[in-house]
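J.: The structure under discussion is supplied below as structure tokens; questions concerning it will follow.
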Amino acid sequence: MFRDCLTEFPWRSPAAPYLRQLFNSLPSALAWVAEEPNAGVVGFLTLRPETRYIDHLFVNRDWRLCGVGRGLLEVARQETGTPLSLDVDMRNVSARKAYEALGWKVGAKTGDAKADQIRLIGP
């Protein structure tokens, strides 16, 4: 699913460095997986508990706008009891709109010229 989601972001190719980042983050992160009985895994989130930073949040294309991402974010926020932060690609307009609809606010611009991102702070 992670690799499939990355194909939607051509500015993020190749996928190998991002797969490495995901694998490297797992030993020290909390992770939640959303699974539907007839569809399998439809989303996942990894969280750095010490910084309350969400490393990864991906939802299967067919399950977007169904509450999967919102549910994963809510579980992570309940775990920490405080607002969370994450970075989103500037070019990922649909994700930015979804976060804004959930009350997330822009904190700062991050990244580099190749992958401009904005830091969002959760409600």
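As shown in the structure tokens, the chain order sets the letters A, B, ...; within each chain, residues go from 1, and ligands are also counted from 1 in the order they appear.
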Find the spatial neighbours of Ala34 of chain A, counting only C-alpha atoms, within a cut-off of 12 Å - ignore same-chain residues fewer than 4 positions away - and output them as JSON, numbers by chain.

T.: {"A": [1, 39, 40, 41, 42, 43, 44, 45, 46, 57, 58, 59, 60, 63, 66, 67, 68, 69, 70, 71, 72, 73, 75]}

J.: I need the chosen residues saved as a PDB file, in the first residue's frame, with C-alpha atoms.

T.:
```
ATOM      1  CA  MET A   1       0.000   0.000   0.000  1.00  0.00           C
ATOM      2  CA  ALA A  39     -10.456  -5.246   2.010  1.00  0.00           C
ATOM      3  CA  GLY A  40      -7.449  -5.901   4.236  1.00  0.00           C
ATOM      4  CA  VAL A  41      -5.164  -3.041   5.274  1.00  0.00           C
ATOM      5  CA  VAL A  42      -6.620   0.290   4.141  1.00  0.00           C
ATOM      6  CA  GLY A  43      -4.342   2.705   6.005  1.00  0.00           C
ATOM      7  CA  PHE A  44      -1.561   3.155   8.535  1.00  0.00           C
ATOM      8  CA  LEU A  45       0.048   5.815  10.691  1.00  0.00           C
ATOM      9  CA  THR A  46       3.401   5.946  12.489  1.00  0.00           C
ATOM     10  CA  LEU A  57       0.045   8.543   7.275  1.00  0.00           C
ATOM     11  CA  PHE A  58      -1.154   6.705   4.206  1.00  0.00           C
ATOM     12  CA  VAL A  59      -4.646   5.638   3.200  1.00  0.00           C
ATOM     13  CA  ASN A  60      -5.430   3.351   0.285  1.00  0.00           C
ATOM     14  CA  TRP A  63     -10.646   4.341   1.088  1.00  0.00           C
ATOM     15  CA  CYS A  66     -14.138   7.500   4.260  1.00  0.00           C
ATOM     16  CA  GLY A  67     -12.832   8.515   7.700  1.00  0.00           C
ATOM     17  CA  VAL A  68      -9.823   6.172   7.789  1.00  0.00           C
ATOM     18  CA  GLY A  69      -7.233   8.950   8.074  1.00  0.00           C
ATOM     19  CA  ARG A  70      -9.355  10.896  10.562  1.00  0.00           C
ATOM     20  CA  GLY A  71      -9.720   7.779  12.694  1.00  0.00           C
ATOM     21  CA  LEU A  72      -5.993   7.054  12.682  1.00  0.00           C
ATOM     22  CA  LEU A  73      -5.221  10.679  13.610  1.00  0.00           C
ATOM     23  CA  VAL A  75      -6.281   7.387  17.917  1.00  0.00           C
TER      24      VAL A  75
END
```

J.: Which residues, written as JSON, numbers by chain, have at least one atom at most 12 Å from Pro27 of chain A, with only C-alpha atoms counted and residues fewer than 2 positions away on the same chain left out?

T.: {"A": [21, 22, 23, 24, 25, 29, 30, 31, 46, 47, 48, 49]}

J.: For C-alpha atoms, I'd like the residues from the last selection saved as a PDB file, in the first residue's frame.

T.:
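This is the output file selection39.pdb:
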```
ATOM      1  CA  GLN A  21      12.717   5.875   6.083  1.00  0.00           C
ATOM      2  CA  LEU A  22       9.591   3.902   6.915  1.00  0.00           C
ATOM      3  CA  PHE A  23      11.527   0.784   7.925  1.00  0.00           C
ATOM      4  CA  ASN A  24      13.967   2.859   9.981  1.00  0.00           C
ATOM      5  CA  SER A  25      11.174   4.642  11.823  1.00  0.00           C
ATOM      6  CA  ALA A  29       7.594   4.616  16.556  1.00  0.00           C
ATOM      7  CA  LEU A  30       4.092   3.762  17.577  1.00  0.00           C
ATOM      8  CA  ALA A  31       2.116   2.410  14.641  1.00  0.00           C
ATOM      9  CA  THR A  46       3.401   5.946  12.489  1.00  0.00           C
ATOM     10  CA  LEU A  47       4.028   8.361  15.348  1.00  0.00           C
ATOM     11  CA  ARG A  48       7.164   9.481  17.162  1.00  0.00           C
ATOM     12  CA  PRO A  49       5.775   9.637  20.708  1.00  0.00           C
TER      13      PRO A  49
END
```

J.: Quick check for you: according to DSSP on this backbone, which residues of chain A are classed as strand (DSSP E or B)? Reply as a ChimeraX atom specification.

T.: /A:30-36,40-48,53-59,85-89,105-110,117-121

J.: Enter the distance from atom CA of Val106 of chain A to atom CA of Glu35 of chain A, in Å, rounded to one decimal.

T.: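 Computing the Euclidean distance for atom CA of Val106 of chain A and atom CA of Glu35 of chain A yields 29.6 Å.
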
J.: Would you mind listing what lies within 9 Å of Asp116 of chain A as a PDB file with N, CA and C atoms, in the first residue's frame, with only C-alpha atoms counted and same-chain residues fewer than 5 positions away left out?

T.:
```pdb
ATOM      1  N   VAL A  88       3.471  17.767   5.218  1.00  0.00           N
ATOM      2  CA  VAL A  88       2.747  17.346   4.019  1.00  0.00           C
ATOM      3  C   VAL A  88       3.360  18.067   2.822  1.00  0.00           C
ATOM      4  N   ASP A  89       3.452  17.352   1.713  1.00  0.00           N
ATOM      5  CA  ASP A  89       3.989  17.956   0.497  1.00  0.00           C
ATOM      6  C   ASP A  89       3.103  19.107   0.050  1.00  0.00           C
ATOM      7  N   MET A  90       3.719  20.203  -0.329  1.00  0.00           N
ATOM      8  CA  MET A  90       2.977  21.359  -0.838  1.00  0.00           C
ATOM      9  C   MET A  90       2.130  20.958  -2.041  1.00  0.00           C
ATOM     10  N   ARG A  91       2.633  20.053  -2.856  1.00  0.00           N
ATOM     11  CA  ARG A  91       1.920  19.646  -4.073  1.00  0.00           C
ATOM     12  C   ARG A  91       0.764  18.684  -3.803  1.00  0.00           C
ATOM     13  N   LYS A 109       7.039  26.298   6.851  1.00  0.00           N
ATOM     14  CA  LYS A 109       7.440  25.631   5.620  1.00  0.00           C
ATOM     15  C   LYS A 109       8.699  24.830   5.937  1.00  0.00           C
ATOM     16  N   THR A 110       8.751  23.591   5.435  1.00  0.00           N
ATOM     17  CA  THR A 110       9.898  22.726   5.682  1.00  0.00           C
ATOM     18  C   THR A 110      10.347  22.121   4.363  1.00  0.00           C
ATOM     19  N   GLY A 111      11.289  21.232   4.395  1.00  0.00           N
ATOM     20  CA  GLY A 111      11.744  20.531   3.200  1.00  0.00           C
ATOM     21  C   GLY A 111      12.790  21.325   2.447  1.00  0.00           C
TER      22      GLY A 111
END
```

J.: Find the residue from A:Arg52, A:Arg20, A:Arg3, A:Arg119 that sits nearest to Pro83 of chain A; use only C-alpha atoms when measuring.

T.: A:Arg52

J.: For a quick check of understanding, using only C-alpha atoms, which of A:Glu79, A:Arg64, A:Glu50, A:Ile121 has the smallest distance to Ala95 of chain A?

T.: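 So, comparing all the options, the nearest one is A:Arg64.
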
J.: In Å, rounded to a single decimal, give me how far atom CA of Pro10 of chain A is from atom CA of Trp32 of chain A.

T.: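 Atom CA of Trp32 of chain A sits 26.0 Å away from atom CA of Pro10 of chain A.
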
J.: If I take atom CA of Pro14 of chain A and atom CA of Lys97 of chain A, how far is one from the other in Å, to one decimal?

T.: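 Rounded to one decimal, the two atoms are 25.3 Å apart.
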